[in-house]
Amino acid sequence: MRIRFSIRNFSLLVFVLLTAALSASDYILLNRNWRFMSGDSVIYSLKELDDSDWRKLDLPHDWSIEGEYHPSKHISDWQSGFLPAGAGWYRRELVVDKGWNKKRIILHADGIYPLSAIWVNGQKAGENFNGYIGQSYDITNFLVRGRNQIAIRVDHTKPLSGRWYAGSGIYRNVWLQVADPVHIGRDDVWFRTSEISQDRAKYAVQIDLKVDGDALYELKTEVINKYGLIVDNSKIKCYESDTVYKIESEIKKPSLWSPDTPDTYKLRVMVYRNGKEIDKHEQLIGFRSISFSADQGFLLNGEPLKFKGVCDHHTAGAVGAAVPDDVLYYRLKLLKNMGCNAIRTAHNPFSREFYTLCDTLGIMVMNEGLDGWDTPKAKDDYGNYFQENWKKDLTRFIKRDRNHPSVILWSIGNEVYNPSEAVQSRLVKLFHELDPDRPVTQGGADPTRGMKADYESEFLALDIVGFNGNGEEVGEFERFHEKYPDVCAIATEVPHTYQTRGVYRTKTQWRRRDFPAPWEKGDINWDKFKYRVFPIPDLATEECFPEEKANIYYQSSYDNASVRISIRKSWQRTTSFPWLMGEFRWGSFDYLGEAEWPQRCGNFGIIDVAGIPKDAYYLYKSLWNPEPMVHLLPHWTHEGKENTLIPMVVYTNCDSVNLSLNGRSLGTQKYADEQLVWQVPYEKGVIRVKGYQDGKIVAEDSARTAGEAFTIGTKITRGLANSLHPEVIRIDLSIIDKEGTICPYASDLLQFELSGHLELVGVDNGDPIDMVAYKQNSCKSFRGKSMLLVRKIKRGNAILRIHGNGLESVQLKM
């Protein structure tokens, strides 16, 4: 089933984002009117400091993404992304009025990367060593009536803090909570379900709350369905001697949560003192059952279901780590429409908004808390702080996310260096104690120990064994299941394939042999390794596109550039093993970092770093989304290749497809889960494919030979303005001829003029070797396409003008 989304749906989602997991305590979004200074000084924490010459900005903010790429001067490297890091300070005034008397004032910082410390009126209020897990600070005793000063130091002076680009700064929301002294903590409500069926669902709500003995306190709960109707309610009395309260009840005829029917309810918990409500906590919940077995794999609501998953990093190209809700929604919707039903948060917790969107869109989550453990994988990463901080950090992580119906399983690491059974056991124990309802897995084995996994020493303390690259190798799944027939397994990072949008080669390429990764250089023995990969046949005896061979940083979009296995073969194997729960491919979007100069990103994604789908996106759509579709590749503009045989590939889920060129049929092929290929002599014109189901045409695609570039095609994806977040609008740009056909080799530089209440958020083109300045008013096209993001900061008329040398200009009213 395909779920369609409209602006009206998005309005609901935005409302949900702003209200989920917030209480009747006053929550104030503290994102606006901050001052920022790059650099470091002890005086920056002082209340009396004059910061009027500091840069004024709104959060979220990532200062690294605003910088200039350089191969050496920033100290960052091929893993962390060649962008500047350093230290930075944020300051903001906070006015405390008399209405806050006898209140607790709590500052919630949802994400500051990587290390942070907070001062209030010159006094240190706390610090955090995990940039992915938010922290809350009770700052009540630091405040005075009237003007106060908050100062936050962000320390990224040791920039090798991750194996991918992670950003720098306060990159998620900051909230101020003004609460009664007796109140429910932000993550102190725990919702659990049991005995779920179509007829009824039992549930329990556990609330951590400390009350005083001077009044009569009560807790009330309500469960509210999607129509706003209260379907159940309960209440209990509170006593000074207790700190944990539990309410158990059930609802009739629950609407069960699943990727196809992501029905959610609202849980409302209210605190009463002497009959008056003093606090209220609301959050989304869902009713669904999960189970895993070595026989049937994963069952959701009693039905077998494969994870059709992707691995994703938390950054988003041109905006870096500071991802606006509109951009996050666009990315998730793109994956959902492809047929993706699951995301692995590689390799760290994501934003609170991410999980709420997954709840409402119907995307399951493998929630990964750590990359490594006590041995750093990057020189300056969390491994240096693990021993002293892991338990309190992961406790915050688990309590934050355990109520989300979208969170299906936890992951405690990824290809952990020097893993010990003792550390793994402590981690698994903590997750089981704080959430016994979900299983725990781990991504892959220690890569420093060779390609073969040592299951007994690394995996068998887990509930589910996770396979990374080794799961792509010939016979690996079979050997595992033969030796451990009663152990559950999932492909946590399978497959690894490469593709550059708009680039094609007809000869198969293997990474180890043809374009080795930085970590593989000097460690290549293809003659031994080739027996462990699944063959991918060449599409032609001679390379049809020899002009593409010169750039080793571009890979082919034919699904013939890989590490060990093709996309199609990987999914065939995943579906052939009932005991294998599914796969999470690496990756979804191209991401910054983990690429050697002159690259800014690799080509792992099925969507490029600008958010533009590649051909592989449509291959997955044919495999994962049942809605009839056809997709034809490559394009049909091949000047100088007249009469050359071009392999034309069709991705489809239809019964059969017919290909025609300039009205002449080139034959019909039946689809039987294998790639469909026609060898077509090139001639200018239109090549068209039609998909048939039960003898009827149900899908079409075509490609036309492009003429000279004439103007700029635009596609606008609107966000939604609201009182908390200004609208971010995406504009996809294409260089097109007079007929509207995209010019697939165009590289025109486009200039942008913004007037009215518009500001530039970022530009990009998806080219992995174009060191784009993301915040400039121009962008070069790559393979005919680019995009820009603008923010509408106020209501009213706004104009975007787009120019290109020799192209007809375009003007858009926003």
# chains A, B, ... in the order shown; residues from 1 in each chain; ligands from 1

$ select_by_dssp --residues "region 296-468 of chain A" --states "strand (DSSP E)" --output "PyMOL selection string"
chain A and resi 297-300+303-304+307-312+342-345+364-368+407-414+440-443+464-467

$ write_last_selection --atoms "N, CA, C and O atoms" --output "short mmCIF file (atom, residue, chain, number, x, y, z; two decimals), in the first residue's frame"
data_model
loop_
_atom_site.label_atom_id
_atom_site.label_comp_id
_atom_site.auth_asym_id
_atom_site.auth_seq_id
_atom_site.Cartn_x
_atom_site.Cartn_y
_atom_site.Cartn_z
N GLY A 297 11.50 -15.04 11.29
CA GLY A 297 12.05 -13.70 11.18
C GLY A 297 11.28 -12.73 12.05
O GLY A 297 11.01 -13.00 13.22
N PHE A 298 10.91 -11.59 11.49
CA PHE A 298 10.24 -10.52 12.23
C PHE A 298 8.75 -10.57 11.97
O PHE A 298 8.31 -10.70 10.82
N LEU A 299 7.97 -10.45 13.05
CA LEU A 299 6.51 -10.39 12.94
C LEU A 299 6.02 -9.10 13.58
O LEU A 299 6.36 -8.79 14.73
N LEU A 300 5.23 -8.36 12.83
CA LEU A 300 4.58 -7.15 13.31
C LEU A 300 3.09 -7.41 13.37
O LEU A 300 2.48 -7.78 12.35
N GLU A 303 2.07 -10.72 11.91
CA GLU A 303 2.27 -10.99 10.49
C GLU A 303 3.74 -10.84 10.12
O GLU A 303 4.38 -9.86 10.51
N PRO A 304 4.30 -11.80 9.36
CA PRO A 304 5.70 -11.67 8.93
C PRO A 304 5.91 -10.41 8.09
O PRO A 304 5.07 -10.06 7.26
N PHE A 307 12.15 -6.07 6.91
CA PHE A 307 12.64 -4.70 6.98
C PHE A 307 13.19 -4.31 5.60
O PHE A 307 14.15 -4.90 5.11
N LYS A 308 12.56 -3.32 5.01
CA LYS A 308 13.05 -2.73 3.76
C LYS A 308 13.75 -1.43 4.16
O LYS A 308 13.18 -0.35 4.07
N GLY A 309 14.97 -1.57 4.63
CA GLY A 309 15.58 -0.49 5.36
C GLY A 309 16.77 0.16 4.69
O GLY A 309 17.39 -0.39 3.78
N VAL A 310 17.09 1.33 5.19
CA VAL A 310 18.27 2.08 4.78
C VAL A 310 19.00 2.56 6.02
O VAL A 310 18.40 2.74 7.09
N CYS A 311 20.30 2.75 5.89
CA CYS A 311 21.09 3.41 6.92
C CYS A 311 21.21 4.88 6.56
O CYS A 311 21.42 5.22 5.39
N ASP A 312 21.09 5.74 7.54
CA ASP A 312 21.13 7.17 7.27
C ASP A 312 21.95 7.87 8.34
O ASP A 312 21.92 7.46 9.51
N ALA A 342 11.88 1.24 6.89
CA ALA A 342 12.70 1.24 8.10
C ALA A 342 13.98 2.04 7.87
O ALA A 342 14.53 2.09 6.76
N ILE A 343 14.47 2.66 8.95
CA ILE A 343 15.73 3.41 8.93
C ILE A 343 16.58 3.00 10.12
O ILE A 343 16.07 2.88 11.24
N ARG A 344 17.84 2.78 9.87
CA ARG A 344 18.81 2.59 10.94
C ARG A 344 19.51 3.92 11.19
O ARG A 344 20.06 4.52 10.26
N THR A 345 19.50 4.40 12.42
CA THR A 345 20.09 5.70 12.74
C THR A 345 21.61 5.53 12.90
O THR A 345 22.12 5.37 14.00
N MET A 364 9.65 2.29 10.43
CA MET A 364 10.23 1.61 11.58
C MET A 364 11.69 2.06 11.76
O MET A 364 12.35 2.44 10.81
N VAL A 365 12.16 1.99 13.01
CA VAL A 365 13.49 2.50 13.33
C VAL A 365 14.30 1.44 14.06
O VAL A 365 13.85 0.87 15.05
N MET A 366 15.52 1.20 13.54
CA MET A 366 16.56 0.53 14.32
C MET A 366 17.34 1.66 14.98
O MET A 366 18.08 2.38 14.32
N ASN A 367 17.17 1.81 16.27
CA ASN A 367 17.66 2.98 16.98
C ASN A 367 19.06 2.69 17.54
O ASN A 367 19.20 1.97 18.52
N GLU A 368 20.05 3.26 16.89
CA GLU A 368 21.44 2.97 17.24
C GLU A 368 22.00 4.08 18.13
O GLU A 368 21.98 5.26 17.76
N VAL A 407 10.01 2.86 16.95
CA VAL A 407 11.26 2.24 17.40
C VAL A 407 11.00 0.76 17.65
O VAL A 407 10.27 0.39 18.56
N ILE A 408 11.61 -0.08 16.83
CA ILE A 408 11.35 -1.52 16.87
C ILE A 408 12.46 -2.28 17.57
O ILE A 408 12.21 -3.26 18.27
N LEU A 409 13.69 -1.84 17.40
CA LEU A 409 14.82 -2.51 18.05
C LEU A 409 15.94 -1.51 18.28
O LEU A 409 16.02 -0.47 17.64
N TRP A 410 16.80 -1.86 19.24
CA TRP A 410 17.95 -1.04 19.60
C TRP A 410 19.22 -1.63 19.01
O TRP A 410 19.34 -2.84 18.86
N SER A 411 20.16 -0.77 18.70
CA SER A 411 21.51 -1.21 18.32
C SER A 411 22.51 -0.53 19.25
O SER A 411 22.43 0.69 19.47
N ILE A 412 23.45 -1.30 19.76
CA ILE A 412 24.40 -0.78 20.75
C ILE A 412 25.78 -0.49 20.15
O ILE A 412 26.70 -0.12 20.88
N GLY A 413 25.93 -0.62 18.82
CA GLY A 413 27.22 -0.30 18.24
C GLY A 413 27.31 -0.71 16.79
O GLY A 413 26.42 -1.38 16.25
N ASN A 414 28.43 -0.32 16.19
CA ASN A 414 28.65 -0.61 14.78
C ASN A 414 30.12 -0.96 14.55
O ASN A 414 31.01 -0.14 14.79
N VAL A 440 17.80 -6.24 21.26
CA VAL A 440 19.03 -5.49 21.10
C VAL A 440 19.90 -6.18 20.05
O VAL A 440 20.09 -7.41 20.10
N THR A 441 20.42 -5.41 19.12
CA THR A 441 21.34 -5.93 18.12
C THR A 441 22.58 -5.05 18.07
O THR A 441 22.75 -4.14 18.88
N GLN A 442 23.43 -5.34 17.11
CA GLN A 442 24.68 -4.60 16.94
C GLN A 442 25.11 -4.76 15.48
O GLN A 442 24.98 -5.83 14.90
N GLY A 443 25.60 -3.68 14.89
CA GLY A 443 25.95 -3.71 13.48
C GLY A 443 27.32 -4.29 13.22
O GLY A 443 28.33 -3.68 13.57
N ILE A 464 19.70 -10.33 18.70
CA ILE A 464 19.69 -10.50 17.25
C ILE A 464 21.09 -10.24 16.72
O ILE A 464 21.72 -9.23 17.07
N VAL A 465 21.59 -11.11 15.87
CA VAL A 465 22.90 -10.92 15.25
C VAL A 465 22.76 -9.98 14.06
O VAL A 465 21.87 -10.14 13.23
N GLY A 466 23.65 -8.99 13.98
CA GLY A 466 23.64 -8.05 12.88
C GLY A 466 24.79 -8.29 11.92
O GLY A 466 25.94 -8.44 12.34
N PHE A 467 24.47 -8.32 10.63
CA PHE A 467 25.48 -8.50 9.59
C PHE A 467 25.73 -7.19 8.86
O PHE A 467 24.79 -6.57 8.35
#

$ residues_around --residues "Asp527 (chain A)" --least-positions-apart "4" --cutoff "12 Å" --atoms "only C-alpha atoms" --output "list of chain:residue names"
A:Arg512, A:Arg513, A:Tyr531, A:Arg532, A:Val533

$ write_last_selection --atoms "N, CA and C atoms" --output "PDB file, in the first residue's frame"
ATOM      1  N   ARG A 512      37.160  -2.778  -4.491  1.00  0.00           N
ATOM      2  CA  ARG A 512      38.515  -3.231  -4.124  1.00  0.00           C
ATOM      3  C   ARG A 512      39.438  -3.301  -5.335  1.00  0.00           C
ATOM      4  N   ARG A 513      38.878  -3.570  -6.484  1.00  0.00           N
ATOM      5  CA  ARG A 513      39.698  -3.724  -7.681  1.00  0.00           C
ATOM      6  C   ARG A 513      39.881  -2.410  -8.433  1.00  0.00           C
ATOM      7  N   TYR A 531      36.461 -14.281  -5.179  1.00  0.00           N
ATOM      8  CA  TYR A 531      35.665 -15.491  -5.005  1.00  0.00           C
ATOM      9  C   TYR A 531      34.573 -15.304  -3.940  1.00  0.00           C
ATOM     10  N   ARG A 532      34.625 -14.187  -3.231  1.00  0.00           N
ATOM     11  CA  ARG A 532      33.650 -13.949  -2.166  1.00  0.00           C
ATOM     12  C   ARG A 532      32.536 -12.999  -2.612  1.00  0.00           C
ATOM     13  N   VAL A 533      32.571 -12.532  -3.860  1.00  0.00           N
ATOM     14  CA  VAL A 533      31.552 -11.595  -4.346  1.00  0.00           C
ATOM     15  C   VAL A 533      30.605 -12.308  -5.296  1.00  0.00           C
TER      16      VAL A 533
END

$ residues_around --residues "region 318-331 of chain A" --least-positions-apart "6" --cutoff "9 Å" --atoms "only C-alpha atoms" --output "JSON, numbers by chain"
{"A": [10, 14, 17, 59, 60, 61, 62, 63, 64, 65, 66, 165, 166, 167, 168, 169, 170, 171, 172, 353, 354, 357, 589, 592, 609, 610, 611, 717, 718, 719, 720, 725, 727, 728, 729, 730, 761, 762, 763, 764, 772, 773, 774, 775, 788, 789]}

$ closest_residue --among "A:Lys738, A:Trp373, A:Glu421, A:Arg795" --to "Asn389 (chain A)" --atoms "only C-alpha atoms"
A:Trp373

$ residues_around --residues "region 187-196 of chain A" --least-positions-apart "6" --cutoff "6 Å" --atoms "only C-alpha atoms" --output "list in words"
Lys202, Tyr203, Ala204, Val205, Gln206, Ile207, Asp208, Lys399, Arg400 and Asn403 of chain A

$ write_last_selection --atoms "all heavy atoms" --output "PDB file, in the first residue's frame"
ATOM      1  N   LYS A 202      -3.952  -4.262  26.021  1.00  0.00           N
ATOM      2  CA  LYS A 202      -3.632  -3.856  27.381  1.00  0.00           C
ATOM      3  C   LYS A 202      -2.434  -2.921  27.356  1.00  0.00           C
ATOM      4  O   LYS A 202      -1.550  -3.053  26.510  1.00  0.00           O
ATOM      5  CB  LYS A 202      -3.321  -5.075  28.246  1.00  0.00           C
ATOM      6  CG  LYS A 202      -4.529  -5.953  28.527  1.00  0.00           C
ATOM      7  CD  LYS A 202      -4.174  -7.056  29.530  1.00  0.00           C
ATOM      8  CE  LYS A 202      -5.409  -7.882  29.900  1.00  0.00           C
ATOM      9  NZ  LYS A 202      -5.080  -8.919  30.910  1.00  0.00           N
ATOM     10  N   TYR A 203      -2.428  -1.989  28.306  1.00  0.00           N
ATOM     11  CA  TYR A 203      -1.298  -1.075  28.371  1.00  0.00           C
ATOM     12  C   TYR A 203      -1.027  -0.693  29.817  1.00  0.00           C
ATOM     13  O   TYR A 203      -1.887  -0.845  30.702  1.00  0.00           O
ATOM     14  CB  TYR A 203      -1.550   0.176  27.523  1.00  0.00           C
ATOM     15  CG  TYR A 203      -2.586   1.127  28.069  1.00  0.00           C
ATOM     16  CD1 TYR A 203      -2.232   2.172  28.935  1.00  0.00           C
ATOM     17  CD2 TYR A 203      -3.932   0.992  27.722  1.00  0.00           C
ATOM     18  CE1 TYR A 203      -3.180   3.042  29.434  1.00  0.00           C
ATOM     19  CE2 TYR A 203      -4.880   1.870  28.217  1.00  0.00           C
ATOM     20  CZ  TYR A 203      -4.505   2.899  29.080  1.00  0.00           C
ATOM     21  OH  TYR A 203      -5.447   3.757  29.577  1.00  0.00           O
ATOM     22  N   ALA A 204       0.181  -0.201  30.041  1.00  0.00           N
ATOM     23  CA  ALA A 204       0.586   0.289  31.357  1.00  0.00           C
ATOM     24  C   ALA A 204       1.320   1.607  31.173  1.00  0.00           C
ATOM     25  O   ALA A 204       2.105   1.759  30.227  1.00  0.00           O
ATOM     26  CB  ALA A 204       1.477  -0.728  32.068  1.00  0.00           C
ATOM     27  N   VAL A 205       1.056   2.538  32.070  1.00  0.00           N
ATOM     28  CA  VAL A 205       1.750   3.821  32.071  1.00  0.00           C
ATOM     29  C   VAL A 205       2.474   3.957  33.395  1.00  0.00           C
ATOM     30  O   VAL A 205       1.843   3.895  34.469  1.00  0.00           O
ATOM     31  CB  VAL A 205       0.776   5.003  31.880  1.00  0.00           C
ATOM     32  CG1 VAL A 205       1.550   6.321  31.865  1.00  0.00           C
ATOM     33  CG2 VAL A 205      -0.031   4.830  30.606  1.00  0.00           C
ATOM     34  N   GLN A 206       3.784   4.123  33.322  1.00  0.00           N
ATOM     35  CA  GLN A 206       4.586   4.337  34.529  1.00  0.00           C
ATOM     36  C   GLN A 206       5.051   5.788  34.560  1.00  0.00           C
ATOM     37  O   GLN A 206       5.595   6.292  33.573  1.00  0.00           O
ATOM     38  CB  GLN A 206       5.790   3.396  34.557  1.00  0.00           C
ATOM     39  CG  GLN A 206       6.681   3.568  35.772  1.00  0.00           C
ATOM     40  CD  GLN A 206       7.806   2.560  35.816  1.00  0.00           C
ATOM     41  OE1 GLN A 206       7.567   1.346  35.814  1.00  0.00           O
ATOM     42  NE2 GLN A 206       9.044   3.037  35.846  1.00  0.00           N
ATOM     43  N   ILE A 207       4.832   6.456  35.694  1.00  0.00           N
ATOM     44  CA  ILE A 207       5.177   7.871  35.828  1.00  0.00           C
ATOM     45  C   ILE A 207       6.118   8.048  37.010  1.00  0.00           C
ATOM     46  O   ILE A 207       5.823   7.584  38.123  1.00  0.00           O
ATOM     47  CB  ILE A 207       3.914   8.746  36.039  1.00  0.00           C
ATOM     48  CG1 ILE A 207       2.908   8.526  34.909  1.00  0.00           C
ATOM     49  CG2 ILE A 207       4.296  10.223  36.129  1.00  0.00           C
ATOM     50  CD1 ILE A 207       1.672   7.779  35.330  1.00  0.00           C
ATOM     51  N   ASP A 208       7.251   8.678  36.761  1.00  0.00           N
ATOM     52  CA  ASP A 208       8.161   9.050  37.845  1.00  0.00           C
ATOM     53  C   ASP A 208       7.744  10.431  38.345  1.00  0.00           C
ATOM     54  O   ASP A 208       7.729  11.400  37.571  1.00  0.00           O
ATOM     55  CB  ASP A 208       9.603   9.100  37.352  1.00  0.00           C
ATOM     56  CG  ASP A 208      10.110   7.726  36.921  1.00  0.00           C
ATOM     57  OD1 ASP A 208       9.462   6.722  37.255  1.00  0.00           O
ATOM     58  OD2 ASP A 208      11.156   7.661  36.251  1.00  0.00           O
ATOM     59  N   LYS A 399      15.288   6.273  27.669  1.00  0.00           N
ATOM     60  CA  LYS A 399      14.074   6.865  28.230  1.00  0.00           C
ATOM     61  C   LYS A 399      13.443   7.860  27.269  1.00  0.00           C
ATOM     62  O   LYS A 399      12.221   8.007  27.230  1.00  0.00           O
ATOM     63  CB  LYS A 399      14.397   7.535  29.574  1.00  0.00           C
ATOM     64  CG  LYS A 399      14.763   6.540  30.675  1.00  0.00           C
ATOM     65  CD  LYS A 399      15.061   7.240  31.988  1.00  0.00           C
ATOM     66  CE  LYS A 399      13.811   7.847  32.592  1.00  0.00           C
ATOM     67  NZ  LYS A 399      14.085   8.421  33.942  1.00  0.00           N
ATOM     68  N   ARG A 400      14.269   8.545  26.473  1.00  0.00           N
ATOM     69  CA  ARG A 400      13.747   9.503  25.506  1.00  0.00           C
ATOM     70  C   ARG A 400      12.919   8.827  24.431  1.00  0.00           C
ATOM     71  O   ARG A 400      11.887   9.342  23.995  1.00  0.00           O
ATOM     72  CB  ARG A 400      14.910  10.267  24.859  1.00  0.00           C
ATOM     73  CG  ARG A 400      14.496  11.410  23.966  1.00  0.00           C
ATOM     74  CD  ARG A 400      15.646  11.899  23.097  1.00  0.00           C
ATOM     75  NE  ARG A 400      15.987  10.953  22.042  1.00  0.00           N
ATOM     76  CZ  ARG A 400      16.765  11.238  21.000  1.00  0.00           C
ATOM     77  NH1 ARG A 400      17.301  12.448  20.887  1.00  0.00           N
ATOM     78  NH2 ARG A 400      17.024  10.325  20.083  1.00  0.00           N
ATOM     79  N   ASN A 403       9.047   5.229  24.089  1.00  0.00           N
ATOM     80  CA  ASN A 403       7.599   5.301  23.894  1.00  0.00           C
ATOM     81  C   ASN A 403       7.182   5.357  22.432  1.00  0.00           C
ATOM     82  O   ASN A 403       5.994   5.311  22.124  1.00  0.00           O
ATOM     83  CB  ASN A 403       7.039   6.533  24.615  1.00  0.00           C
ATOM     84  CG  ASN A 403       7.130   6.415  26.126  1.00  0.00           C
ATOM     85  OD1 ASN A 403       7.063   5.322  26.681  1.00  0.00           O
ATOM     86  ND2 ASN A 403       7.306   7.540  26.800  1.00  0.00           N
TER      87      ASN A 403
END

$ residues_around --residues "Thr264 (chain A)" --least-positions-apart "3" --cutoff "12 Å" --atoms "only C-alpha atoms" --output "mmCIF file with N, CA and C atoms, in the first residue's frame"
data_model
loop_
_atom_site.group_PDB
_atom_site.id
_atom_site.type_symbol
_atom_site.label_atom_id
_atom_site.label_comp_id
_atom_site.auth_asym_id
_atom_site.auth_seq_id
_atom_site.Cartn_x
_atom_site.Cartn_y
_atom_site.Cartn_z
ATOM 1 N N LEU A 13 1.274 16.967 10.779
ATOM 2 C CA LEU A 13 2.585 16.527 11.250
ATOM 3 C C LEU A 13 3.320 17.639 11.975
ATOM 4 N N VAL A 16 1.919 17.982 15.314
ATOM 5 C CA VAL A 16 2.405 16.889 16.142
ATOM 6 C C VAL A 16 3.827 17.158 16.612
ATOM 7 N N ALA A 20 4.163 17.037 20.549
ATOM 8 C CA ALA A 20 4.475 15.707 21.067
ATOM 9 C C ALA A 20 5.454 15.812 22.224
ATOM 10 N N VAL A 223 -6.300 8.312 27.104
ATOM 11 C CA VAL A 223 -5.851 7.855 25.793
ATOM 12 C C VAL A 223 -6.830 8.383 24.763
ATOM 13 N N ILE A 224 -6.329 9.130 23.781
ATOM 14 C CA ILE A 224 -7.165 9.853 22.834
ATOM 15 C C ILE A 224 -6.862 9.357 21.426
ATOM 16 N N ASN A 225 -7.882 9.002 20.675
ATOM 17 C CA ASN A 225 -7.660 8.466 19.335
ATOM 18 C C ASN A 225 -7.461 9.584 18.311
ATOM 19 N N LYS A 226 -7.260 9.208 17.055
ATOM 20 C CA LYS A 226 -6.940 10.184 16.015
ATOM 21 C C LYS A 226 -8.101 11.124 15.708
ATOM 22 N N TYR A 227 -9.305 10.776 16.187
ATOM 23 C CA TYR A 227 -10.469 11.648 15.981
ATOM 24 C C TYR A 227 -10.694 12.598 17.150
ATOM 25 N N GLY A 228 -9.787 12.547 18.126
ATOM 26 C CA GLY A 228 -9.907 13.419 19.290
ATOM 27 C C GLY A 228 -10.800 12.890 20.382
ATOM 28 N N PRO A 254 -8.427 -1.648 19.181
ATOM 29 C CA PRO A 254 -7.370 -0.670 18.896
ATOM 30 C C PRO A 254 -7.054 -0.602 17.403
ATOM 31 N N SER A 255 -6.701 0.581 16.948
ATOM 32 C CA SER A 255 -6.149 0.733 15.601
ATOM 33 C C SER A 255 -4.653 0.444 15.705
ATOM 34 N N LEU A 256 -4.207 -0.624 15.088
ATOM 35 C CA LEU A 256 -2.835 -1.080 15.265
ATOM 36 C C LEU A 256 -1.880 -0.303 14.360
ATOM 37 N N TRP A 257 -0.743 0.037 14.926
ATOM 38 C CA TRP A 257 0.284 0.779 14.194
ATOM 39 C C TRP A 257 1.070 -0.166 13.288
ATOM 40 N N SER A 258 1.327 0.279 12.068
ATOM 41 C CA SER A 258 2.181 -0.458 11.133
ATOM 42 C C SER A 258 2.671 0.540 10.081
ATOM 43 N N PRO A 259 3.647 0.153 9.258
ATOM 44 C CA PRO A 259 4.066 1.057 8.178
ATOM 45 C C PRO A 259 2.944 1.420 7.218
ATOM 46 N N THR A 261 -0.373 1.404 8.029
ATOM 47 C CA THR A 261 -1.417 2.116 8.788
ATOM 48 C C THR A 261 -0.782 2.703 10.046
ATOM 49 N N LEU A 267 -1.361 10.121 24.392
ATOM 50 C CA LEU A 267 -1.424 9.829 25.820
ATOM 51 C C LEU A 267 -1.314 11.156 26.572
ATOM 52 N N GLN A 283 1.948 13.034 24.708
ATOM 53 C CA GLN A 283 2.842 12.483 23.694
ATOM 54 C C GLN A 283 2.116 11.463 22.838
ATOM 55 N N LEU A 284 2.653 11.227 21.651
ATOM 56 C CA LEU A 284 2.093 10.212 20.766
ATOM 57 C C LEU A 284 2.477 8.822 21.259
ATOM 58 N N ILE A 285 1.559 7.895 21.093
ATOM 59 C CA ILE A 285 1.806 6.492 21.385
ATOM 60 C C ILE A 285 1.193 5.664 20.265
ATOM 61 N N GLY A 286 1.497 4.384 20.273
ATOM 62 C CA GLY A 286 0.912 3.487 19.295
ATOM 63 C C GLY A 286 0.762 2.095 19.872
ATOM 64 N N PHE A 287 -0.183 1.361 19.345
ATOM 65 C CA PHE A 287 -0.405 -0.021 19.766
ATOM 66 C C PHE A 287 0.047 -0.944 18.645
ATOM 67 N N ARG A 288 1.042 -1.764 18.921
ATOM 68 C CA ARG A 288 1.484 -2.774 17.962
ATOM 69 C C ARG A 288 2.278 -3.830 18.720
ATOM 70 N N THR A 356 9.268 11.280 15.925
ATOM 71 C CA THR A 356 7.852 11.621 15.843
ATOM 72 C C THR A 356 7.358 11.548 14.400
ATOM 73 N N LEU A 357 8.178 12.022 13.465
ATOM 74 C CA LEU A 357 7.802 11.901 12.058
ATOM 75 C C LEU A 357 7.723 10.441 11.634
ATOM 76 N N CYS A 358 8.648 9.622 12.099
ATOM 77 C CA CYS A 358 8.587 8.190 11.765
ATOM 78 C C CYS A 358 7.334 7.548 12.342
ATOM 79 N N ASP A 359 6.929 7.959 13.543
ATOM 80 C CA ASP A 359 5.670 7.463 14.114
ATOM 81 C C ASP A 359 4.503 7.757 13.191
ATOM 82 N N THR A 360 4.443 8.973 12.678
ATOM 83 C CA THR A 360 3.269 9.409 11.920
ATOM 84 C C THR A 360 3.330 9.017 10.448
ATOM 85 N N LEU A 361 4.533 8.823 9.910
ATOM 86 C CA LEU A 361 4.665 8.404 8.515
ATOM 87 C C LEU A 361 4.640 6.890 8.355
ATOM 88 N N GLY A 362 4.906 6.160 9.429
ATOM 89 C CA GLY A 362 4.953 4.712 9.331
ATOM 90 C C GLY A 362 6.297 4.198 8.871
ATOM 91 N N ASN A 403 9.047 5.229 24.089
ATOM 92 C CA ASN A 403 7.599 5.301 23.894
ATOM 93 C C ASN A 403 7.182 5.357 22.432
ATOM 94 N N HIS A 404 8.135 5.480 21.530
ATOM 95 C CA HIS A 404 7.785 5.639 20.116
ATOM 96 C C HIS A 404 7.406 4.289 19.497
ATOM 97 N N PRO A 405 6.224 4.183 18.886
ATOM 98 C CA PRO A 405 5.871 2.915 18.226
ATOM 99 C C PRO A 405 6.787 2.601 17.050
ATOM 100 N N SER A 406 7.396 3.613 16.460
ATOM 101 C CA SER A 406 8.276 3.376 15.312
ATOM 102 C C SER A 406 9.580 2.698 15.708
#

$ select_by_dssp --residues "region 601-669 of chain A" --states "alpha helix (DSSP H)" --output "PyMOL selection string"
chain A and resi 615-624

$ atom_distance --atom1 "CA of Asn418 (chain A)" --atom2 "CA of Gly383 (chain A)"
11.4 Å

$ residues_around --residues "Pro634 (chain A)" --least-positions-apart "5" --cutoff "12 Å" --atoms "only C-alpha atoms" --output "JSON, numbers by chain"
{"A": [501, 502, 503, 504, 505, 506, 544, 545, 556, 557, 558, 559, 614, 615, 616, 646, 647, 648, 649, 650, 651, 677, 678, 679, 680, 682, 687, 688, 701, 702, 703, 704, 705, 744]}
